[in-house]
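Asks: Dumping the structure here so I can ask a few things about it.
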Amino acid sequence: MTAWDVTTEAGFMACYRATFADVYRYAAMLCGGDRATAEDLVQDVYLAALTKARRGAVHELSTGYLTVAARHRFLDRVRSSHREERRLRLVSSRPEPEGGALAVPGRLADLPKRERAILVLRYVDDLTIAQAADELGISHAAAESLAARAVRRVRRQEARDA
């Protein structure tokens, strides 16, 4: 895997140009194809990387580092969103529709955030259920249940469309 020296502005820009498409594609999968959310996520990742590079905390960046950073930021948002959704249920039972969807492999865009996250962690990042559970901050049993529910939902959607 190629790593770019980001100790200079030119090095950081070279890294950005070389890695952006892959990091954005990964973020779009995580975000279910929502362009605005994927763009915000990628912007946060590169801004944090630039901040770390300027502080001297990081000297080289790779696509792997940046996609892992995107995953962690996404999961932080999922956890935060999950807490917020619990609070909003007290006020309204109808969530706002999401817009601006990109084409995402399979039925990921149709899944709720947590189900989409478990499938991306499991099948795109190739994490075990235990590792995915740790990333999501849930128990192993809850992760297994979430993954099974997501797979069932995708299969039902595909059966309806067939």
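Each chain in the structure tokens gets a letter, A, B and so on, in the order shown; residues start at 1 in every chain, and ligands are counted from 1 in the order they appear.
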Leaving out range 107-119 of chain A and any residue of its chain fewer than 4 positions from it, which residues lie within 7 Å of it when counting only C-alpha atoms, given as a CSV table (one decimal) with N, CA, C and O atoms, in the first residue's frame?

Replies:
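Produced file part.csv, reproduced below:
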```csv
chain,number,residue,atom,x,y,z
A,30,LEU,N,-20.8,3.6,3.0
A,30,LEU,CA,-21.2,3.8,4.4
A,30,LEU,C,-22.4,4.6,4.6
A,30,LEU,O,-23.3,4.3,5.4
A,32,GLY,N,-24.8,5.1,2.5
A,32,GLY,CA,-26.0,4.7,1.8
A,32,GLY,C,-26.2,5.5,0.5
A,32,GLY,O,-27.4,5.5,0.0
A,33,GLY,N,-25.2,6.1,0.0
A,33,GLY,CA,-25.3,6.8,-1.2
A,33,GLY,C,-25.7,8.3,-1.1
A,33,GLY,O,-25.9,9.0,-2.0
A,78,VAL,N,-23.1,7.4,13.6
A,78,VAL,CA,-24.2,6.4,13.8
A,78,VAL,C,-24.6,6.4,15.2
A,78,VAL,O,-25.7,6.4,15.6
A,123,TYR,N,-18.7,-7.2,5.5
A,123,TYR,CA,-18.5,-7.7,4.1
A,123,TYR,C,-17.6,-6.8,3.3
A,123,TYR,O,-17.0,-7.3,2.3
A,132,ALA,N,-16.9,-6.1,14.4
A,132,ALA,CA,-17.9,-5.1,14.1
A,132,ALA,C,-18.7,-4.7,15.3
A,132,ALA,O,-19.0,-3.5,15.4
A,146,LEU,N,-28.3,-8.0,14.5
A,146,LEU,CA,-28.4,-6.9,13.5
A,146,LEU,C,-28.0,-7.3,12.1
A,146,LEU,O,-28.6,-7.0,11.1
A,147,ALA,N,-26.9,-8.1,12.0
A,147,ALA,CA,-26.4,-8.6,10.7
A,147,ALA,C,-27.5,-9.5,10.1
A,147,ALA,O,-27.8,-9.4,8.9
A,150,ALA,N,-30.4,-7.5,8.8
A,150,ALA,CA,-30.0,-6.8,7.6
A,150,ALA,C,-30.0,-7.7,6.4
A,150,ALA,O,-30.5,-7.3,5.3
A,154,VAL,N,-32.4,-7.4,3.1
A,154,VAL,CA,-31.9,-7.4,1.7
A,154,VAL,C,-32.5,-8.5,0.9
A,154,VAL,O,-32.9,-8.3,-0.3
```

Asks: Got a sec: who's within 12 Å of Tyr65 in chain A, counting only C-alpha atoms, leaving out chain neighbours fewer than 4 positions off, as a list of chain:residue names?

Replies: A:Met1, A:Thr2, A:Ala3, A:Trp4, A:Cys15, A:Thr19, A:Asp22, A:Val23, A:Val45, A:Tyr46, A:Ala48, A:Ala49, A:Val58, A:His59, A:Glu60, A:Leu61, A:Ala69, A:Ala70, A:Arg71, A:His72

Asks: Write a file of the selected residues as an mmCIF file, in the first residue's frame, keeping N, CA and C atoms.

Replies:
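File again-v6.cif, as written:
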```cif
data_model
loop_
_atom_site.group_PDB
_atom_site.id
_atom_site.type_symbol
_atom_site.label_atom_id
_atom_site.label_comp_id
_atom_site.auth_asym_id
_atom_site.auth_seq_id
_atom_site.Cartn_x
_atom_site.Cartn_y
_atom_site.Cartn_z
ATOM 1 N N MET A 1 0.845 -1.168 0.000
ATOM 2 C CA MET A 1 0.000 0.000 0.000
ATOM 3 C C MET A 1 0.896 1.238 0.000
ATOM 4 N N THR A 2 0.552 2.172 -0.842
ATOM 5 C CA THR A 2 1.334 3.389 -0.965
ATOM 6 C C THR A 2 1.014 4.348 0.174
ATOM 7 N N ALA A 3 2.062 4.935 0.732
ATOM 8 C CA ALA A 3 1.900 5.960 1.763
ATOM 9 C C ALA A 3 2.539 7.238 1.250
ATOM 10 N N TRP A 4 1.884 8.340 1.486
ATOM 11 C CA TRP A 4 2.378 9.628 1.019
ATOM 12 C C TRP A 4 2.922 10.421 2.196
ATOM 13 N N CYS A 15 -1.292 13.369 -1.872
ATOM 14 C CA CYS A 15 -2.030 12.304 -1.178
ATOM 15 C C CYS A 15 -3.532 12.474 -1.406
ATOM 16 N N THR A 19 -5.872 9.674 -3.285
ATOM 17 C CA THR A 19 -6.726 8.833 -2.431
ATOM 18 C C THR A 19 -8.196 9.231 -2.419
ATOM 19 N N ASP A 22 -11.077 6.803 -3.823
ATOM 20 C CA ASP A 22 -11.292 5.591 -3.021
ATOM 21 C C ASP A 22 -11.953 5.911 -1.684
ATOM 22 N N VAL A 23 -11.507 6.961 -1.040
ATOM 23 C CA VAL A 23 -12.075 7.333 0.263
ATOM 24 C C VAL A 23 -13.531 7.769 0.086
ATOM 25 N N VAL A 45 -12.617 13.823 7.370
ATOM 26 C CA VAL A 45 -11.454 12.926 7.411
ATOM 27 C C VAL A 45 -10.192 13.663 6.957
ATOM 28 N N TYR A 46 -10.281 14.348 5.827
ATOM 29 C CA TYR A 46 -9.095 15.048 5.326
ATOM 30 C C TYR A 46 -8.712 16.236 6.199
ATOM 31 N N ALA A 48 -9.155 16.449 9.465
ATOM 32 C CA ALA A 48 -8.501 15.877 10.647
ATOM 33 C C ALA A 48 -7.092 15.406 10.302
ATOM 34 N N ALA A 49 -6.921 14.795 9.125
ATOM 35 C CA ALA A 49 -5.594 14.328 8.709
ATOM 36 C C ALA A 49 -4.646 15.503 8.524
ATOM 37 N N VAL A 58 1.246 12.968 12.547
ATOM 38 C CA VAL A 58 1.272 11.968 11.476
ATOM 39 C C VAL A 58 2.177 12.501 10.367
ATOM 40 N N HIS A 59 2.985 11.615 9.803
ATOM 41 C CA HIS A 59 3.926 12.031 8.760
ATOM 42 C C HIS A 59 3.601 11.422 7.412
ATOM 43 N N GLU A 60 2.891 10.282 7.424
ATOM 44 C CA GLU A 60 2.512 9.609 6.188
ATOM 45 C C GLU A 60 1.046 9.218 6.267
ATOM 46 N N LEU A 61 0.380 9.277 5.107
ATOM 47 C CA LEU A 61 -1.010 8.845 5.019
ATOM 48 C C LEU A 61 -1.140 7.835 3.891
ATOM 49 N N ALA A 69 -10.173 5.919 9.076
ATOM 50 C CA ALA A 69 -10.600 7.169 9.719
ATOM 51 C C ALA A 69 -12.045 7.494 9.329
ATOM 52 N N ALA A 70 -12.404 7.257 8.068
ATOM 53 C CA ALA A 70 -13.779 7.487 7.618
ATOM 54 C C ALA A 70 -14.738 6.552 8.355
ATOM 55 N N ARG A 71 -14.336 5.304 8.508
ATOM 56 C CA ARG A 71 -15.178 4.335 9.217
ATOM 57 C C ARG A 71 -15.425 4.792 10.647
ATOM 58 N N HIS A 72 -14.359 5.208 11.332
ATOM 59 C CA HIS A 72 -14.508 5.627 12.725
ATOM 60 C C HIS A 72 -15.390 6.863 12.852
#
```

Asks: Just asking: which residues within chain A are alpha helix (DSSP H) according to DSSP, as a PyMOL selection string?

Replies: chain A and resi 9-30+35-55+63-89+113-119+129-136+140-161

Asks: If we count only C-alpha atoms and set the cut-off at 9 Å, which residues sit around Ile129 in chain A, ignoring sequence neighbours fewer than 3 positions away in its own chain? Please answer as a list of chain:residue names.

Replies: A:Ile118, A:Leu121, A:Arg122, A:Ala132, A:Ala133, A:Asp134, A:His140, A:Ala141, A:Ala143, A:Glu144, A:Ala147

Asks: Would you put the residues from that selection into a file with N, CA, C and O atoms, as an mmCIF file, in the first residue's frame?

Replies:
```cif
data_model
loop_
_atom_site.group_PDB
_atom_site.id
_atom_site.type_symbol
_atom_site.label_atom_id
_atom_site.label_comp_id
_atom_site.auth_asym_id
_atom_site.auth_seq_id
_atom_site.Cartn_x
_atom_site.Cartn_y
_atom_site.Cartn_z
ATOM 1 N N ILE A 118 -23.331 -2.473 9.805
ATOM 2 C CA ILE A 118 -22.870 -3.830 10.142
ATOM 3 C C ILE A 118 -22.503 -4.597 8.878
ATOM 4 O O ILE A 118 -21.514 -5.334 8.855
ATOM 5 N N LEU A 121 -19.139 -3.161 7.520
ATOM 6 C CA LEU A 121 -18.030 -3.610 8.371
ATOM 7 C C LEU A 121 -17.731 -5.088 8.148
ATOM 8 O O LEU A 121 -16.579 -5.498 8.063
ATOM 9 N N ARG A 122 -18.781 -5.875 8.035
ATOM 10 C CA ARG A 122 -18.614 -7.326 7.915
ATOM 11 C C ARG A 122 -18.122 -7.744 6.532
ATOM 12 O O ARG A 122 -17.206 -8.532 6.396
ATOM 13 N N ALA A 132 -16.859 -6.090 14.450
ATOM 14 C CA ALA A 132 -17.899 -5.138 14.055
ATOM 15 C C ALA A 132 -18.694 -4.684 15.276
ATOM 16 O O ALA A 132 -19.039 -3.510 15.400
ATOM 17 N N ALA A 133 -18.968 -5.616 16.188
ATOM 18 C CA ALA A 133 -19.681 -5.267 17.417
ATOM 19 C C ALA A 133 -18.886 -4.240 18.216
ATOM 20 O O ALA A 133 -19.454 -3.254 18.717
ATOM 21 N N ASP A 134 -17.575 -4.454 18.326
ATOM 22 C CA ASP A 134 -16.727 -3.500 19.043
ATOM 23 C C ASP A 134 -16.774 -2.126 18.374
ATOM 24 O O ASP A 134 -16.864 -1.100 19.050
ATOM 25 N N HIS A 140 -21.823 -8.659 21.155
ATOM 26 C CA HIS A 140 -21.646 -9.631 20.078
ATOM 27 C C HIS A 140 -23.007 -10.159 19.632
ATOM 28 O O HIS A 140 -23.288 -10.267 18.430
ATOM 29 N N ALA A 141 -23.873 -10.498 20.586
ATOM 30 C CA ALA A 141 -25.203 -11.023 20.258
ATOM 31 C C ALA A 141 -26.031 -9.995 19.491
ATOM 32 O O ALA A 141 -26.733 -10.339 18.534
ATOM 33 N N ALA A 143 -24.861 -7.635 17.588
ATOM 34 C CA ALA A 143 -24.282 -7.521 16.250
ATOM 35 C C ALA A 143 -24.733 -8.672 15.365
ATOM 36 O O ALA A 143 -25.055 -8.472 14.186
ATOM 37 N N GLU A 144 -24.752 -9.887 15.915
ATOM 38 C CA GLU A 144 -25.224 -11.044 15.142
ATOM 39 C C GLU A 144 -26.678 -10.849 14.726
ATOM 40 O O GLU A 144 -27.053 -11.099 13.583
ATOM 41 N N ALA A 147 -26.914 -8.088 12.019
ATOM 42 C CA ALA A 147 -26.441 -8.581 10.723
ATOM 43 C C ALA A 147 -27.469 -9.518 10.097
ATOM 44 O O ALA A 147 -27.765 -9.416 8.897
#
```

Asks: Suppose you want the space between CA of Ala142 in chain A and CA of Val42 in chain A; what is it in Å?

Replies: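 CA of Ala142 in chain A sits 28.4 Å away from CA of Val42 in chain A.
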
Asks: Expressed in Å to a single decimal, how great is the separation between CA of Val120 in chain A and CA of Met29 in chain A?

Replies: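 Between CA of Val120 in chain A and CA of Met29 in chain A the gap works out to 7.5 Å.
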
Asks: What is the CA of Leu50 in chain A to CA of Gln131 in chain A distance in Å?

Replies: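 It comes out at 27.9 Å.
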
Asks: Compile the contact shell of Glu9 in chain A as a list in words: residues with an atom at most 10 Å away, counting only C-alpha atoms, same-chain residues fewer than 4 positions apart removed.

Replies: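 Within the cut-off, the hits are Asp5, Met13, Ala14, Cys15, Leu50, Ala53 and Arg54 of chain A.
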
Asks: For a quick check of understanding, using only C-alpha atoms, which of A:Val124, A:Ala162, A:Ala57, A:Ala130 has the smallest distance to Ala27 in chain A?

Replies: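 Residue with the minimum atom-to-atom distance to Ala27 in chain A: A:Val124.
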
Asks: Restricting the calculation to only C-alpha atoms: of A:Thr67, A:Asp126, A:Lys52, A:Ala10, which residue gets closest to Ala28 in chain A?

Replies: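 When distances to Ala28 in chain A are compared using only C-alpha atoms, the smallest one comes from A:Thr67.
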
Asks: Identify all residues of chain A in strand (DSSP E) (DSSP on the backbone) and supply them as a ChimeraX atom specification.

Replies: /A:3-5,60-62
